[in-house]
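Engineer: Contents are mmCIF, C-alpha atoms; file name work.cif:
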data_work
#
loop_
_atom_site.label_atom_id
_atom_site.label_comp_id
_atom_site.auth_asym_id
_atom_site.auth_seq_id
_atom_site.Cartn_x
_atom_site.Cartn_y
_atom_site.Cartn_z
CA MET A 1 106.39 122.56 92.99
CA LYS A 2 103.85 119.89 93.94
CA ILE A 3 105.16 116.33 93.66
CA ALA A 4 102.90 113.28 93.76
CA VAL A 5 104.49 110.08 95.07
CA MET A 6 102.85 106.67 94.82
CA SER A 7 103.95 103.12 95.55
CA CYS A 8 102.99 99.45 95.53
CA ILE A 9 100.45 99.33 92.69
CA HIS A 10 100.60 95.54 92.52
CA GLY A 11 98.78 95.01 89.23
CA ASN A 12 95.69 96.93 90.39
CA TYR A 13 94.76 98.88 87.27
CA GLU A 14 91.48 100.22 88.68
CA ALA A 15 93.25 101.75 91.66
CA LEU A 16 96.01 103.22 89.50
CA ASN A 17 93.50 104.94 87.23
CA ALA A 18 91.69 106.43 90.23
CA VAL A 19 94.93 107.73 91.75
CA LEU A 20 96.13 109.23 88.46
CA SER A 21 92.79 111.00 88.12
CA ASP A 22 93.10 112.40 91.65
CA ILE A 23 96.69 113.50 90.99
CA ASP A 24 95.43 115.39 87.96
CA LYS A 25 92.81 117.15 90.11
CA GLN A 26 95.51 118.12 92.62
CA ARG A 27 97.49 119.68 89.75
CA ALA A 28 100.75 117.98 90.67
CA ASP A 29 103.75 119.13 88.65
CA LYS A 30 105.54 115.79 88.72
CA ILE A 31 104.88 112.16 89.67
CA PHE A 32 107.28 109.61 91.14
CA CYS A 33 106.57 105.90 91.63
CA LEU A 34 108.30 103.78 94.28
CA GLY A 35 107.95 100.40 92.62
CA ASP A 36 106.14 97.09 93.08
CA LEU A 37 104.18 97.63 89.89
CA VAL A 38 103.34 93.93 89.71
CA GLY A 39 102.44 91.06 92.04
CA TYR A 40 99.20 90.05 93.81
CA GLY A 41 96.97 91.92 91.35
CA PRO A 42 95.33 90.77 88.10
CA HIS A 43 96.59 93.40 85.62
CA PRO A 44 100.42 93.58 85.78
CA ASN A 45 100.97 94.37 82.11
CA ALA A 46 98.32 97.10 81.96
CA VAL A 47 99.80 98.80 85.03
CA VAL A 48 103.33 98.82 83.63
CA GLU A 49 102.12 100.02 80.25
CA MET A 50 100.31 102.94 81.89
CA ILE A 51 103.37 103.95 83.94
CA ARG A 52 105.58 103.73 80.84
CA SER A 53 103.16 105.68 78.63
CA LEU A 54 103.16 108.56 81.13
CA ASP A 55 106.95 108.40 81.49
CA ILE A 56 106.71 108.38 85.30
CA PRO A 57 110.13 108.10 87.02
CA THR A 58 110.01 104.77 88.88
CA VAL A 59 112.30 102.73 91.14
CA GLN A 60 112.40 98.95 91.27
CA GLY A 61 110.38 97.24 93.99
CA CYS A 62 110.96 93.80 95.51
CA TRP A 63 108.19 92.20 93.43
CA ASP A 64 109.60 93.80 90.30
CA GLU A 65 113.00 92.34 91.16
CA ASP A 66 111.54 88.87 91.76
CA ILE A 67 109.89 88.80 88.36
CA VAL A 68 113.24 89.70 86.78
CA GLU A 69 115.62 87.65 88.93
CA GLY A 70 113.39 84.75 89.94
CA LEU A 71 111.30 83.81 92.95
CA ASN A 72 112.78 84.74 96.33
CA ALA A 73 115.60 86.79 94.85
CA CYS A 74 115.94 88.48 98.23
CA GLU A 75 115.98 85.16 100.16
CA CYS A 76 113.48 86.54 102.69
CA SER A 77 111.24 84.33 104.77
CA TYR A 78 107.46 84.11 104.70
CA PRO A 79 105.29 84.62 107.78
CA SER A 80 103.83 81.11 107.39
CA ILE A 81 103.89 78.03 105.15
CA LEU A 82 100.42 78.95 103.89
CA ALA A 83 101.60 82.44 102.95
CA GLU A 84 104.57 80.89 101.14
CA LYS A 85 102.26 78.72 99.02
CA ARG A 86 100.13 81.73 98.11
CA GLY A 87 103.20 83.80 97.33
CA LYS A 88 104.60 81.13 95.00
CA LYS A 89 101.27 80.79 93.22
CA ALA A 90 101.03 84.56 92.72
CA HIS A 91 104.61 84.70 91.46
CA GLU A 92 104.09 81.85 88.99
CA TRP A 93 100.89 83.42 87.67
CA THR A 94 102.47 86.87 87.30
CA ASN A 95 105.61 85.42 85.74
CA ASP A 96 103.49 83.59 83.13
CA GLN A 97 101.47 86.71 82.31
CA ILE A 98 104.29 89.25 81.97
CA HIS A 99 105.09 90.38 78.43
CA PRO A 100 108.78 90.28 77.42
CA GLU A 101 108.96 94.07 77.02
CA VAL A 102 107.43 94.53 80.49
CA ARG A 103 110.04 92.24 82.05
CA GLU A 104 112.72 94.21 80.21
CA TYR A 105 111.34 97.46 81.60
CA LEU A 106 111.27 96.12 85.18
CA ALA A 107 114.88 94.94 84.81
CA GLN A 108 116.23 98.39 83.99
CA LEU A 109 114.49 100.26 86.82
CA PRO A 110 116.93 102.01 89.21
CA LEU A 111 117.04 101.31 92.94
CA SER A 112 116.78 105.01 93.83
CA LEU A 113 116.02 108.40 92.32
CA ARG A 114 116.95 111.94 93.37
CA GLU A 115 115.23 115.29 92.92
CA GLU A 116 117.22 118.07 94.61
CA ASN A 117 117.05 117.32 98.38
CA LEU A 118 114.56 114.47 97.92
CA CYS A 119 115.38 110.77 97.58
CA PHE A 120 112.99 108.07 96.36
CA VAL A 121 113.39 104.34 97.17
CA HIS A 122 111.12 101.32 97.52
CA GLY A 123 112.08 99.87 100.91
CA SER A 124 115.14 101.74 102.19
CA PRO A 125 118.34 103.20 100.70
CA HIS A 126 120.19 100.02 101.71
CA ASN A 127 117.74 97.39 100.51
CA GLN A 128 114.49 97.44 98.58
CA HIS A 129 113.26 94.63 100.86
CA GLU A 130 113.85 96.48 104.14
CA TYR A 131 110.75 97.71 105.96
CA LEU A 132 111.02 101.23 107.39
CA MET A 133 108.14 100.89 109.82
CA PRO A 134 106.87 104.10 111.48
CA GLU A 135 108.12 102.88 114.86
CA VAL A 136 111.62 101.95 113.70
CA ASN A 137 114.42 103.05 116.05
CA ALA A 138 114.99 106.81 115.66
CA PHE A 139 118.75 106.44 115.15
CA THR A 140 118.19 103.82 112.44
CA ALA A 141 115.58 105.99 110.76
CA LEU A 142 117.89 109.00 110.82
CA GLU A 143 120.80 106.96 109.43
CA ARG A 144 118.67 105.75 106.53
CA VAL A 145 117.83 109.33 105.52
CA MET A 146 121.36 110.66 106.04
CA ALA A 147 122.82 107.79 104.00
CA THR A 148 121.16 109.29 100.94
CA GLY A 149 122.52 112.80 101.46
CA ALA A 150 118.94 114.06 101.14
CA ASP A 151 116.66 115.79 103.64
CA VAL A 152 113.52 113.87 102.73
CA LEU A 153 113.35 110.13 102.06
CA PHE A 154 110.27 108.79 100.27
CA CYS A 155 109.60 105.06 100.63
CA GLY A 156 106.84 102.48 100.31
CA HIS A 157 106.91 98.69 100.86
CA THR A 158 104.99 98.76 104.18
CA HIS A 159 101.68 99.59 102.43
CA VAL A 160 100.88 101.95 105.33
CA PRO A 161 101.32 105.71 104.75
CA TYR A 162 102.98 107.94 107.34
CA VAL A 163 105.14 111.02 107.79
CA ARG A 164 107.94 110.96 110.35
CA THR A 165 110.02 114.03 111.20
CA LEU A 166 113.44 113.42 112.75
CA ASP A 167 114.98 116.25 114.73
CA ALA A 168 118.57 115.15 115.16
CA GLY A 169 119.84 118.33 116.73
CA GLN A 170 123.43 118.03 117.96
CA LEU A 171 124.94 114.60 117.34
CA ALA A 172 128.14 113.22 118.80
CA VAL A 173 130.05 110.24 117.43
CA LYS A 174 132.71 108.68 119.67
CA VAL A 175 135.38 106.41 118.17
CA GLN A 176 137.56 104.26 120.45
CA GLN A 177 140.87 102.97 119.17
CA PRO A 178 143.97 101.42 120.84
CA GLU A 179 145.76 104.77 120.72
CA GLY A 180 142.84 106.61 122.31
CA SER A 181 139.35 107.86 121.56
CA SER A 182 138.02 110.82 119.62
CA THR A 183 134.63 112.49 119.50
CA LYS A 184 133.18 114.28 116.51
CA GLN A 185 130.15 116.51 116.85
CA PHE A 186 127.92 117.87 114.12
CA THR A 187 124.49 119.41 113.73
CA ALA A 188 121.94 117.76 111.47
CA THR A 189 119.01 119.59 109.94
CA LEU A 190 115.47 118.25 110.20
CA LYS A 191 115.01 115.05 108.21
CA GLN A 192 111.84 113.31 107.13
CA ILE A 193 110.70 109.86 106.09
CA ILE A 194 107.52 109.95 104.05
CA ASN A 195 105.82 106.65 103.27
CA ALA A 196 103.41 106.78 100.33
CA GLY A 197 101.42 103.73 101.44
CA SER A 198 99.96 101.62 98.64
CA VAL A 199 97.89 102.30 95.55
CA GLY A 200 96.93 98.72 94.82
CA GLU A 201 96.99 96.84 98.11
CA PRO A 202 96.49 99.15 101.11
CA ARG A 203 97.03 97.84 104.63
CA HIS A 204 95.77 100.77 106.69
CA GLY A 205 92.38 99.22 107.42
CA ARG A 206 90.43 100.53 104.42
CA PRO A 207 90.35 99.49 100.73
CA ASN A 208 91.04 103.02 99.49
CA ALA A 209 94.22 103.66 97.50
CA THR A 210 96.78 105.97 99.11
CA TYR A 211 99.55 108.24 97.86
CA VAL A 212 101.14 111.54 98.93
CA ILE A 213 101.44 115.08 97.62
CA TYR A 214 104.59 116.95 98.68
CA ASP A 215 104.87 120.73 98.29
CA THR A 216 108.55 121.58 97.86
CA ASP A 217 107.96 125.29 98.58
CA ASP A 218 106.03 124.90 101.85
CA LYS A 219 107.60 121.50 102.68
CA LEU A 220 104.12 120.22 103.45
CA THR A 221 102.95 116.64 102.95
CA THR A 222 99.36 115.65 102.27
CA LEU A 223 98.38 111.99 102.62
CA ARG A 224 95.74 111.35 99.96
CA GLU A 225 93.19 108.53 100.19
CA VAL A 226 91.24 107.72 97.03
CA GLU A 227 88.05 105.69 96.76
CA TYR A 228 87.52 103.48 93.71
CA ASP A 229 85.54 100.40 92.72
CA TYR A 230 87.84 97.87 94.39
CA GLN A 231 85.25 95.13 93.85
CA LEU A 232 86.19 95.08 90.15
CA THR A 233 89.77 94.20 91.10
CA CYS A 234 88.59 91.65 93.68
CA GLN A 235 86.49 89.91 91.04
CA ALA A 236 89.37 89.94 88.55
CA ILE A 237 91.64 88.35 91.17
CA ILE A 238 89.19 85.48 91.60
CA ASP A 239 88.44 85.16 87.87
CA ASN A 240 92.16 84.81 87.11
CA GLY A 241 92.61 82.01 89.64
CA LEU A 242 94.75 83.98 92.09
CA PRO A 243 94.37 83.15 95.82
CA ALA A 244 90.94 84.34 96.99
CA ILE A 245 92.45 85.78 100.16
CA PHE A 246 94.11 88.46 97.98
CA ALA A 247 90.61 89.71 97.16
CA TRP A 248 89.54 89.48 100.81
CA ARG A 249 92.46 91.51 102.13
CA LEU A 250 92.07 94.11 99.36
CA ALA A 251 88.44 94.59 100.38
CA GLN A 252 89.43 94.85 104.05
CA GLY A 253 92.57 96.93 103.58
CA LEU A 254 94.47 94.40 105.70
CA GLU A 255 97.45 92.03 105.48
CA TYR A 256 97.32 88.27 105.48
CA ALA A 257 95.27 86.75 108.27
CA GLU A 258 98.50 85.44 109.79
CA ARG A 259 101.44 87.68 110.62
CA ALA A 260 105.06 87.09 111.55
CA GLU A 261 106.14 88.03 115.06
CA ASP A 262 109.00 90.08 113.62
CA PRO A 263 108.02 91.71 110.30
CA THR A 264 111.38 93.46 109.80
CA HIS A 265 112.94 90.46 108.01
CA VAL A 266 109.88 89.27 106.15
CA CYS A 267 109.25 90.01 102.49
CA GLU A 268 105.55 89.20 102.13
CA ARG A 269 104.42 88.44 98.60
#
Mind turning the file's structure into structure tokens?
Structural biologist:
Amino acid sequence: MKIAVMSCIHGNYEALNAVLSDIDKQRADKIFCLGDLVGYGPHPNAVVEMIRSLDIPTVQGCWDEDIVEGLNACECSYPSILAEKRGKKAHEWTNDQIHPEVREYLAQLPLSLREENLCFVHGSPHNQHEYLMPEVNAFTALERVMATGADVLFCGHTHVPYVRTLDAGQLAVKVQQPEGSSTKQFTATLKQIINAGSVGEPRHGRPNATYVIYDTDDKLTTLREVEYDYQLTCQAIIDNGLPAIFAWRLAQGLEYAERAEDPTHVCER
């Protein structure tokens, strides 16, 4: 079976349409979405309506949660005061635009989904706001996958696609207690973290939308990059009064101009 996995659409309807068209060409048997349907982009309602109409299994992203629970539901910090002002403006605009039935839909989204030995989350199994960066400590990465009981963990949130294979081999866990210590050994099979990148706001240096195709028979992952007319979304961002830098970074495929020294605790909106 071929499974398409996409994430972080962020109200970019043009990008979503292009990705869905490409998925159709790849003849995927099933589609999963890893959340952040709204935020930043100019068409939050249209994006959600498309996902709902196609009945695509979807998990809740951090932006989705914020629109339901209120700004800064995760109590994360921003990389700068300027970024915080932009984030608040984007949240207020999105919150004003969202239809009641869309907010209701976002509220009932699960935090994770399972398909046999595959697990789907937005950030990590522990927190939809946690960034699983490609360079995260190997033990931490392995723990995140094993916590799900799955062999393959699909995530998004970073907006940068990657595939990381974790060969645990023979593991030993030593427990020290007052009455003595004990060691337990076990063998772990190969685990993988597959990041789908971002449909609507890529940060890999190009404006193209990204998603992944996973072949469950061959266990092969293909990182797909889809071109589309991103200038239409950029213009809509400006026309709707959203921060102009959102259009700039979409066109560049980059983050904010300023970055935090430690991105692991930052939830950038």
Engineer: Evaluate the PyMOL selection byres ((chain A and resi 115) around 12) on the structure here and hand back the selected residues as a PyMOL selection string.
Structural biologist: chain A and resi 1+3+30-32+57+112-114+116-121+148-154+216
Engineer: Produce a file of the selected residues containing C-alpha atoms, as a compact mmCIF listing (two decimals), keeping the file's coordinate frame.
Structural biologist:
# COMPACT_ATOMS: atom_id res chain seq x y z
CA MET A 1 106.39 122.56 92.99
CA ILE A 3 105.16 116.33 93.66
CA LYS A 30 105.54 115.79 88.72
CA ILE A 31 104.88 112.16 89.67
CA PHE A 32 107.28 109.61 91.14
CA PRO A 57 110.13 108.10 87.02
CA SER A 112 116.78 105.01 93.83
CA LEU A 113 116.02 108.40 92.32
CA ARG A 114 116.95 111.94 93.37
CA GLU A 116 117.22 118.07 94.61
CA ASN A 117 117.05 117.32 98.38
CA LEU A 118 114.56 114.47 97.92
CA CYS A 119 115.38 110.77 97.58
CA PHE A 120 112.99 108.07 96.36
CA VAL A 121 113.39 104.34 97.17
CA THR A 148 121.16 109.29 100.94
CA GLY A 149 122.52 112.80 101.46
CA ALA A 150 118.94 114.06 101.14
CA ASP A 151 116.66 115.79 103.64
CA VAL A 152 113.52 113.87 102.73
CA LEU A 153 113.35 110.13 102.06
CA PHE A 154 110.27 108.79 100.27
CA THR A 216 108.55 121.58 97.86
Engineer: One decimal, in Å: what's the spacing between atom CA of A:Ala138 and atom CA of A:Tyr211?
Structural biologist: 23.6 Å
Engineer: Quick one: of A:Ile194, A:Ala28, A:Ala209, A:Leu109, who's nearest to A:Val145, counting only C-alpha atoms?
Structural biologist: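 Between A:Ile194, A:Ala28, A:Ala209, A:Leu109, the residue approaching A:Val145 most closely is A:Ile194.
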Engineer: Please indicate the distance in Å from atom CA of A:Gly156 to atom CA of A:Asp217, rounded to one decimal place.
Structural biologist: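 Interatomic distance, atom CA of A:Gly156 to atom CA of A:Asp217: 22.9 Å.
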Engineer: List the residues selected by the PyMOL selection byres ((chain A and resi 166) around 7) in the file shown, writing them as an MDAnalysis selection string.
Structural biologist: chainID A and resid 142 164:165 167:168 190:192
Engineer: Between atom CA of A:Tyr131 and atom CA of A:Pro100, what is the distance, to one decimal in Å?
Structural biologist: 29.6 Å
Engineer: Hey, what's within 10 Å of A:Glu69 if we count all atoms listed in the file and toss same-chain stuff fewer than 5 positions away? As a tab-separated table (two decimals) with C-alpha atoms, keeping the file's coordinate frame, please?
Structural biologist:
chain	number	residue	atom	x	y	z
A	63	TRP	CA	108.19	92.20	93.43
A	64	ASP	CA	109.60	93.80	90.30
A	74	CYS	CA	115.94	88.48	98.23
A	103	ARG	CA	110.04	92.24	82.05
A	107	ALA	CA	114.88	94.94	84.81
Engineer: The PyMOL selection byres ((chain A and resi 123) around 8) on the file shown: which residues, as an MDAnalysis selection string?
Structural biologist: chainID A and resid 61 121:122 124:125 127:132 155:158
Engineer: Which residue out of A:Lys89, A:Asn95, A:Val136, A:Tyr105 has the minimum interatomic distance to A:Pro243 when all atoms listed in the file are used?
Structural biologist: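 Smallest distance to A:Pro243 is found for A:Lys89.
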Engineer: Where does stretch 92-205 of chain A meet stretch 247-257 of chain A within 12 Å, residue by residue, with the nearest atom pair and distance in Å to one decimal for each, counting all atoms listed in the file, listed by chain and rising number, as a tab-separated table?
Structural biologist:
residue	atom	partner	partner_atom	distance
A:Thr158	CA	A:Glu255	CA	10.2
A:His159	CA	A:Glu255	CA	9.2
A:Val160	CA	A:Gly253	CA	9.9
A:Gly197	CA	A:Gly253	CA	11.4
A:Ser198	CA	A:Gly253	CA	10.1
A:Val199	CA	A:Leu250	CA	10.7
A:Gly200	CA	A:Leu250	CA	8.1
A:Glu201	CA	A:Leu250	CA	5.8
A:Pro202	CA	A:Gly253	CA	5.1
A:Arg203	CA	A:Leu254	CA	4.4
A:His204	CA	A:Gly253	CA	5.9
A:Gly205	CA	A:Gly253	CA	4.5
Engineer: What's the 12 Å shell around A:Gly39, counting all atoms listed in the file, without same-chain residues fewer than 2 positions away, as an MDAnalysis selection string?
Structural biologist: chainID A and resid 8:13 35:37 41:45 47:48 61:67 71 86:98 200:201 237 242:243 246 268:269
Engineer: Name the closest residue to A:Leu106 among the candidates A:Asp215, A:Glu143, A:Glu49, A:Glu14; distances are taken between atoms, counting only C-alpha atoms.
Structural biologist: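 So, comparing all the options, the nearest one is A:Glu49.
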Engineer: Could you tell me which of A:Lys2, A:Thr58, A:Asn240, A:Gln235 comes closest to A:Thr222 if we count only C-alpha atoms?
Structural biologist: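 For A:Thr222, the nearest of the given residues is A:Lys2.
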Engineer: Would you pick out the contacts of A:Pro134 at 9 Å or less, using all atoms listed in the file, so that residues sharing its chain but fewer than 3 positions from it are not included, and give the list as a list of chain:residue names?
Structural biologist: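 The contact residues come out as A:Asn137, A:Ala141, A:Val160, A:Pro161, A:Tyr162, A:Val163, A:Arg164, A:Ile193, A:Asn195.
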Engineer: Would you mind exporting the chosen residues as an mmCIF file, in the coordinates of the input, restricted to C-alpha atoms?
Structural biologist:
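Final file, selection_10.cif:
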data_model
loop_
_atom_site.group_PDB
_atom_site.id
_atom_site.type_symbol
_atom_site.label_atom_id
_atom_site.label_comp_id
_atom_site.auth_asym_id
_atom_site.auth_seq_id
_atom_site.Cartn_x
_atom_site.Cartn_y
_atom_site.Cartn_z
ATOM 1 C CA ASN A 137 114.420 103.050 116.050
ATOM 2 C CA ALA A 141 115.580 105.990 110.760
ATOM 3 C CA VAL A 160 100.880 101.950 105.330
ATOM 4 C CA PRO A 161 101.320 105.710 104.750
ATOM 5 C CA TYR A 162 102.980 107.940 107.340
ATOM 6 C CA VAL A 163 105.140 111.020 107.790
ATOM 7 C CA ARG A 164 107.940 110.960 110.350
ATOM 8 C CA ILE A 193 110.700 109.860 106.090
ATOM 9 C CA ASN A 195 105.820 106.650 103.270
#
